[in-house]
file run_3.tsv (TSV, C-alpha atoms)
chain	number	residue	atom	x	y	z
A	1326	MET	CA	109.18	97.67	80.57
A	1327	PHE	CA	109.33	99.98	83.59
A	1328	ASP	CA	110.75	103.04	81.86
A	1329	ASP	CA	107.63	105.05	82.76
A	1330	LEU	CA	108.48	104.72	86.47
A	1331	PRO	CA	111.06	106.80	88.35
A	1332	ALA	CA	114.21	104.78	89.06
A	1333	ASP	CA	113.38	104.36	92.76
A	1334	GLN	CA	109.94	102.92	91.93
A	1335	ARG	CA	111.05	100.35	89.37
A	1336	PRO	CA	110.95	96.68	90.37
A	1337	GLY	CA	114.16	95.81	92.11
A	1338	ALA	CA	114.58	99.28	93.63
A	1339	THR	CA	114.49	98.87	97.39
A	1340	PRO	CA	112.95	101.89	99.11
A	1341	ALA	CA	114.85	103.02	102.21
A	1342	GLY	CA	116.52	99.69	102.91
A	1343	LEU	CA	113.32	97.65	102.80
A	1344	GLY	CA	114.12	93.96	102.58
A	1345	TYR	CA	112.60	90.54	103.08
A	1346	ARG	CA	113.73	87.83	105.48
A	1347	GLY	CA	114.74	84.39	104.29
A	1348	PRO	CA	111.38	82.64	104.82
A	1349	THR	CA	109.60	85.41	102.92
A	1350	ALA	CA	112.15	85.25	100.09
A	1351	CYS	CA	111.74	81.45	99.95
A	1352	SER	CA	107.98	81.72	99.76
A	1353	ALA	CA	108.08	84.32	96.99
A	1354	ALA	CA	110.74	82.47	94.96
A	1355	GLY	CA	109.34	78.97	95.49
A	1356	ILE	CA	112.52	77.54	97.00
A	1357	THR	CA	113.46	75.87	100.26
A	1358	TYR	CA	115.29	77.63	103.06
A	1359	ARG	CA	118.10	75.11	102.67
A	1360	GLN	CA	118.56	76.20	99.02
A	1361	LEU	CA	118.48	79.86	100.01
A	1362	ASP	CA	121.09	79.36	102.71
A	1363	TYR	CA	123.38	77.35	100.43
A	1364	TRP	CA	123.12	79.86	97.58
A	1365	ALA	CA	123.88	82.74	99.97
A	1366	ARG	CA	126.85	80.97	101.58
A	1367	THR	CA	128.32	80.03	98.17
A	1368	GLY	CA	127.75	83.48	96.66
A	1369	LEU	CA	125.22	82.53	93.98
A	1370	VAL	CA	122.57	84.96	95.24
A	1371	GLU	CA	123.65	87.06	98.18
A	1372	PRO	CA	121.28	89.38	100.02
A	1373	SER	CA	121.83	92.96	98.93
A	1374	VAL	CA	119.90	94.71	101.73
A	1375	ARG	CA	121.66	93.13	104.71
A	1376	GLU	CA	124.03	90.20	105.15
A	1377	ALA	CA	123.85	88.06	108.27
A	1378	SER	CA	126.46	89.39	110.67
A	1379	GLY	CA	126.65	86.68	113.27
A	1380	SER	CA	124.40	84.55	115.37
A	1381	GLY	CA	120.84	85.81	115.64
A	1382	THR	CA	120.97	88.22	112.70
A	1383	GLN	CA	118.98	87.62	109.57
A	1384	ARG	CA	119.76	88.26	105.94
A	1385	LEU	CA	117.47	90.68	104.13
A	1386	TYR	CA	116.81	90.22	100.42
A	1387	SER	CA	115.72	92.92	97.98
A	1388	PHE	CA	113.03	92.53	95.34
A	1389	ARG	CA	115.76	92.05	92.72
A	1390	ASP	CA	117.46	89.36	94.83
A	1391	ILE	CA	114.17	87.46	95.07
A	1392	LEU	CA	113.63	87.79	91.33
A	1393	VAL	CA	117.08	86.26	90.72
A	1394	LEU	CA	116.26	83.46	93.19
A	1395	LYS	CA	113.10	82.70	91.23
A	1396	ILE	CA	115.01	82.66	87.93
A	1397	VAL	CA	117.64	80.32	89.39
A	1398	LYS	CA	114.84	78.01	90.54
A	1399	LYS	CA	113.29	78.02	87.05
A	1400	LEU	CA	116.64	77.20	85.45
A	1401	LEU	CA	117.19	74.34	87.91
A	1402	ASP	CA	113.69	73.02	87.19
A	1403	ALA	CA	114.54	73.05	83.49
A	1404	GLY	CA	117.53	70.80	84.13
A	1405	ILE	CA	120.36	73.35	83.89
A	1406	SER	CA	123.30	72.46	86.12
A	1407	LEU	CA	124.00	74.70	89.08
A	1408	GLN	CA	127.50	75.31	87.69
A	1409	ASN	CA	126.05	76.64	84.40
A	1410	ILE	CA	123.53	78.74	86.33
A	1411	ARG	CA	126.36	80.26	88.37
A	1412	THR	CA	128.17	81.16	85.16
A	1413	ALA	CA	125.03	82.68	83.60
A	1414	ILE	CA	124.19	84.77	86.69
A	1415	SER	CA	127.81	85.90	87.01
A	1416	THR	CA	127.89	86.93	83.34
A	1417	LEU	CA	124.69	88.96	83.75
A	1418	ARG	CA	126.21	90.69	86.79
A	1419	ASP	CA	129.50	91.36	84.98
A	1420	ARG	CA	127.68	92.83	82.00
A	1421	GLY	CA	125.78	95.13	84.34
A	1422	VAL	CA	122.30	94.01	83.31
A	1423	GLU	CA	120.12	96.32	85.40
A	1424	ASP	CA	116.65	95.83	83.93
A	1425	LEU	CA	116.10	92.09	84.15
A	1426	GLY	CA	112.53	92.54	82.90
A	1427	GLN	CA	113.89	93.35	79.43
A	1428	ILE	CA	115.68	90.06	78.83
A	1429	THR	CA	114.61	86.52	78.05
A	1430	LEU	CA	116.79	83.63	79.07
A	1431	MET	CA	116.90	80.65	76.73
A	1432	SER	CA	118.57	77.28	76.96
A	1433	ASP	CA	119.14	74.12	75.00
A	1434	GLY	CA	119.42	72.18	78.24
A	1435	THR	CA	123.10	72.82	78.84
A	1436	THR	CA	123.83	76.40	77.81
A	1437	VAL	CA	121.95	79.51	78.93
A	1438	TYR	CA	121.49	82.30	76.41
A	1439	GLU	CA	120.44	85.91	76.96
A	1440	CYS	CA	118.06	87.33	74.37
A	1441	THR	CA	117.13	90.98	74.27
A	1442	SER	CA	115.44	91.11	70.84
A	1443	THR	CA	113.40	88.89	68.55
A	1444	ASP	CA	116.34	88.76	66.11
A	1445	GLU	CA	118.44	86.98	68.70
A	1446	VAL	CA	115.66	84.47	69.35
A	1447	VAL	CA	115.37	83.68	65.67
A	1448	ASP	CA	119.13	83.26	65.31
A	1449	LEU	CA	119.20	80.79	68.19
A	1450	LEU	CA	116.38	78.75	66.77
A	1451	GLN	CA	117.94	78.49	63.29
A	1452	GLY	CA	120.53	76.13	64.72
A	1453	GLY	CA	117.78	73.51	64.98
A	1454	GLN	CA	118.21	72.87	68.68
A	1455	ALA	CA	115.21	72.83	70.96
A	1456	VAL	CA	115.29	75.65	73.46
A	1457	PHE	CA	113.06	76.95	76.22
A	1458	ALA	CA	112.65	80.53	77.32
A	1459	ILE	CA	112.19	82.22	80.67
A	1460	ALA	CA	110.49	85.58	80.16
A	1461	VAL	CA	111.86	87.43	83.16
A	1462	GLY	CA	109.19	90.13	82.94
A	1463	ARG	CA	106.50	87.58	83.83
A	1464	HIS	CA	108.44	86.57	86.91
A	1465	VAL	CA	108.74	90.22	87.93
A	1466	ARG	CA	104.94	90.26	88.23
A	1467	ASP	CA	104.91	86.89	90.04
A	1468	VAL	CA	107.40	88.10	92.64
A	1469	GLU	CA	105.50	91.39	93.03
A	1470	GLY	CA	102.29	89.48	93.71
A	1471	SER	CA	103.95	87.12	96.16
A	1472	LEU	CA	105.63	89.91	98.10
A	1473	ALA	CA	102.57	92.15	98.19
A	1474	LEU	CA	101.11	90.26	101.15
A	1475	LEU	CA	104.34	89.30	102.90
A	1476	PRO	CA	106.15	91.37	105.55
A	1477	GLY	CA	109.24	93.43	104.77
A	1478	GLU	CA	111.83	94.56	107.28
A	1479	ARG	CA	114.17	97.53	107.65
A	1480	ALA	CA	117.85	96.83	107.11
A	1481	ARG	CA	119.06	98.58	110.26
A	1482	GLU	CA	118.04	97.35	113.66
A	1483	GLY	CA	117.29	100.87	114.99
A	1484	ASP	CA	114.88	101.70	112.16
A	1485	ALA	CA	111.19	101.55	112.89
A	1486	ALA	CA	109.52	98.24	112.22
A	1487	VAL	CA	107.73	97.95	108.91
A	1488	THR	CA	104.14	98.77	109.68
A	1489	ASP	CA	101.17	99.05	107.38
A	1490	ASP	CA	102.07	102.73	106.88
A	1491	ALA	CA	105.63	101.84	105.91
A	1492	VAL	CA	104.47	99.05	103.63
A	1493	ALA	CA	102.11	101.54	101.97
A	1494	ALA	CA	105.22	103.50	100.95
A	1495	ASP	CA	106.85	100.58	99.19
A	1496	GLU	CA	107.07	100.25	95.42
A	1497	LEU	CA	104.44	97.53	95.08
A	1498	SER	CA	101.79	99.54	96.90
A	1499	THR	CA	102.66	102.63	94.91
A	1500	ARG	CA	102.28	100.76	91.63
A	1501	ARG	CA	99.05	99.12	92.81
A	1502	ARG	CA	97.58	102.50	93.81
A	1503	ARG	CA	98.62	104.01	90.48
A	1504	ARG	CA	96.90	101.17	88.58
A	1505	THR	CA	93.66	101.44	90.53
A	1506	THR	CA	93.45	105.23	90.20
A	1507	ALA	CA	94.35	105.35	86.51
call {"tool": "encode", "arguments": {"input": "run_3.tsv", "output": "structure tokens"}}
result
Amino acid sequence: MFDDLPADQRPGATPAGLGYRGPTACSAAGITYRQLDYWARTGLVEPSVREASGSGTQRLYSFRDILVLKIVKKLLDAGISLQNIRTAISTLRDRGVEDLGQITLMSDGTTVYECTSTDEVVDLLQGGQAVFAIAVGRHVRDVEGSLALLPGERAREGDAAVTDDAVAADELSTRRRRRTTA
């Protein structure tokens, strides 16, 4: 889906330690701060830009982290247990799935399936069970749109604050500029 972009400009690539604070991540993913905090403390979705390192520090989440938060929320909304979601997310991590936009997650209400081709979708449906799908690529665009207007923050305290100039250098702005000039 994003093969035409250099690796550092693909969704999920965080330019120069750019991350998003908890409230921004919550807003973009459609979850509560309480959920975010619980999922971070229990290791379901940990911030990859910066962990909290004591009182007064804030976690910073990458684009990819926020995408996973949104997917977890969708699975919860569909009635999947948090335990099964943990297993599914862990399996995706263990398998090294890098381009989340290329997969579709399906479920029969208890099990979560990964589908990467139409053949797999057909095979799942032949069993006669009703399933639903989460097209991750669509959520990539949703998260991009949500984050486009929200502030990002540098991972290290000494780095310059994220200004309009710095935000202009992020992947979303670059993609937006490329679309409008093409």
call {"tool": "closest_residue", "arguments": {"input": "run_3.tsv", "among": "A:Ala1365, A:Val1437, A:Val1397, A:Ala1473", "to": "A:Gln1383", "atoms": "all atoms listed in the file"}}
result
A:Ala1365
call {"tool": "closest_residue", "arguments": {"input": "run_3.tsv", "among": "A:Val1370, A:Arg1463, A:Thr1357, A:Ala1480", "to": "A:Ile1428", "atoms": "all atoms listed in the file"}}
result
A:Arg1463
call {"tool": "residues_around", "arguments": {"input": "run_3.tsv", "residues": "A:Ala1460", "least_positions_apart": "6", "cutoff": "8 Å", "atoms": "only C-alpha atoms", "output": "number ranges by chain"}}
result
A: 1426, 1428-1430
call {"tool": "atom_distance", "arguments": {"input": "run_3.tsv", "atom1": "atom CA of A:Asp1424", "atom2": "atom CA of A:Glu1371"}}
result
18.1 Å
call {"tool": "atom_distance", "arguments": {"input": "run_3.tsv", "atom1": "atom CA of A:Ala1403", "atom2": "atom CA of A:Gly1434"}}
result
7.2 Å
call {"tool": "residues_around", "arguments": {"input": "run_3.tsv", "residues": "A:Ala1353", "least_positions_apart": "5", "cutoff": "10 Å", "atoms": "all atoms listed in the file", "output": "compact mmCIF listing (two decimals) with C-alpha atoms, in the coordinates of the input"}}
result
# COMPACT_ATOMS: atom_id res chain seq x y z
CA TYR A 1345 112.60 90.54 103.08
CA GLY A 1347 114.74 84.39 104.29
CA PRO A 1348 111.38 82.64 104.82
CA PHE A 1388 113.03 92.53 95.34
CA ILE A 1391 114.17 87.46 95.07
CA LEU A 1392 113.63 87.79 91.33
CA LEU A 1394 116.26 83.46 93.19
CA LYS A 1395 113.10 82.70 91.23
CA ASP A 1467 104.91 86.89 90.04
CA VAL A 1468 107.40 88.10 92.64
CA GLU A 1469 105.50 91.39 93.03
CA GLY A 1470 102.29 89.48 93.71
CA SER A 1471 103.95 87.12 96.16
CA LEU A 1472 105.63 89.91 98.10
CA ALA A 1473 102.57 92.15 98.19
CA LEU A 1475 104.34 89.30 102.90
call {"tool": "atom_distance", "arguments": {"input": "run_3.tsv", "atom1": "atom CA of A:Arg1384", "atom2": "atom CA of A:Asp1362"}}
result
9.6 Å
call {"tool": "residues_around", "arguments": {"input": "run_3.tsv", "residues": "A:Gly1368", "least_positions_apart": "4", "cutoff": "10 Å", "atoms": "all atoms listed in the file", "output": "ChimeraX atom specification"}}
result
/A:1362-1364,1372,1411,1415
call {"tool": "closest_residue", "arguments": {"input": "run_3.tsv", "among": "A:Ala1377, A:Cys1440, A:Leu1425, A:Leu1407", "to": "A:Val1465", "atoms": "all atoms listed in the file"}}
result
A:Leu1425
call {"tool": "closest_residue", "arguments": {"input": "run_3.tsv", "among": "A:Leu1417, A:Ile1459, A:Ile1396, A:Ile1405", "to": "A:Asp1433", "atoms": "only C-alpha atoms"}}
result
A:Ile1405
call {"tool": "axis_aligned_box", "arguments": {"input": "run_3.tsv", "around": "stretch 1405-1419 of chain A", "padding_each_side": "5 Å", "output": "JSON"}}
result
{"center_x": 124.9, "center_y": 81.9, "center_z": 86.2, "size_x": 19.1, "size_y": 28.9, "size_z": 15.7}
call {"tool": "closest_residue", "arguments": {"input": "run_3.tsv", "among": "A:Leu1343, A:Ile1414, A:Val1393, A:Leu1400", "to": "A:Ser1432", "atoms": "only C-alpha atoms"}}
result
A:Leu1400
